[in-house]
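Worksheet for the structure shown next.
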Amino acid sequence: MTREEKNQVILNLKGQLEANPNFYLTDMSSMTVEATNSLRRLFHEQGIRIHVVKNSLLKKAMERAEGRDFQELIPTLKGSTAILYTESGTMPAKVIKSFRKKNPKPLVKAAFVEECAYIGDQLDALASIKSKNDLIADLIALLQSPAKNVVGALQSGGNKLSGIVKTLSERPE
């Protein structure tokens, strides 16, 4: 590979890192062709893009990336590395977790999800992360709950109160 080709690959990787909010670094080495193809199919069905990368080029792309700090991930760039790009921060972990019930690999080296770096094979933690939108929805639901209770109590109390007033007004004196 010429120097110009390497620079082009680095620029492409840099662009992908900056454009994708979530990505995983995995080790898929020593997997059979059948298992690899099966896993790639599962990833494709879930909208996860996979790309095998050279560690030295990925390291340079991470160092050049703007707007994010990937320094914590650089020490994990050893051995074979495949990068998974995804919109959902939890979907790759869920796919890998279900796939590993029958296969020992792939291993998760690191992940960058919702602006946080996760180092090591933390599938359970990664699979249970809530997205930013899910957390906002939960917060709104919590904030609306007391108001809904008050409105509900006032509405039901109003019906009771009007029933009592009506009964009292109809009662002979």
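Labels for the structure tokens follow display order: chains A, B, ..., residues from 1 in each chain, ligands from 1.
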
Using DSSP on the backbone coordinates, identify all residues within range 57-146 of chain A classified as helix (DSSP H, G or I); present the result as number ranges by chain.
A: 57-64, 74-76, 91-99, 123-127, 132-146

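From CA of Arg40 in chain A back to CA of Arg100 in chain A, the distance works out to 13.6 Å.
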
So what do you get for CA of Val95 in chain A versus CA of Asp138 in chain A, distance-wise?
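Atom-to-atom, CA of Val95 in chain A to CA of Asp138 in chain A, that is 24.7 Å.
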
Quote the spacing between CA of Met31 in chain A and CA of Lys54 in chain A in Å to one decimal place.
17.8 Å

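By only C-alpha atoms, and with residues fewer than 3 positions from range 101-111 of chain A along its chain excluded, the set lying at most 6 Å from it is A:Phe23, A:Tyr24, A:Leu25, A:Thr26, A:Asp27, A:Met28, A:Ser98, A:Ala117, A:Tyr118, A:Ile119, A:Gly120, A:Asp121.
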
When you look at Asn133 in chain A with a cut-off of 12 Å (counting only C-alpha atoms), what residues show up, excluding the ones that are within fewer than 4 positions of it in the same chain? I need them as a list of chain:residue names.
A:Ser88, A:Gly89, A:Glu114, A:Ile129, A:Ala137, A:Asp138, A:Leu139, A:Ile140

For the selection you just gave me, I'd like the residues written to a file as a CSV table (one decimal), in the first residue's frame, keeping C-alpha atoms.
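Written output follows (again16.csv):
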```
chain,number,residue,atom,x,y,z
A,88,SER,CA,-27.9,2.3,18.3
A,89,GLY,CA,-25.4,2.0,21.1
A,114,GLU,CA,-22.9,8.0,23.8
A,129,ILE,CA,-27.3,1.3,28.3
A,137,ALA,CA,-38.4,10.2,27.7
A,138,ASP,CA,-38.1,8.6,31.2
A,139,LEU,CA,-37.4,12.0,32.8
A,140,ILE,CA,-40.4,13.6,31.1
```

Could you give me the residues within chain A that DSSP places in strand (DSSP E), as a PyMOL selection string?
chain A and resi 22-27+49-53+81-86+107-113+116-119

Judged by only C-alpha atoms, the minimum distance to Ser128 in chain A among A:Leu142, A:Met91, A:Cys116, A:Lys59 is found for A:Met91

Could you check the closest approach to Leu123 in chain A for each of A:Leu42, A:Val52, A:Ala93, A:Leu135 and tell me which residue wins, using only C-alpha atoms?
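Smallest distance to Leu123 in chain A is found for A:Ala93.
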
Using only C-alpha atoms, which of A:Phe99, A:Lys130, A:Glu87, A:Val113 sits nearest Gln46 in chain A?
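So, comparing all the options, the nearest one is A:Glu87.
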
Name the residues in contact with Leu57 in chain A at a cut-off of 9 Å, using only C-alpha atoms, excluding same-chain residues fewer than 2 positions from it; report them as a VMD selection string.
chain A and resid 6 to 7 9 to 10 13 53 to 55 59 to 62

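Proximity of A:Lys97, A:Thr86, A:Ala127, A:Leu11 to Leu39 in chain A, computed with only C-alpha atoms, is greatest for A:Lys97.
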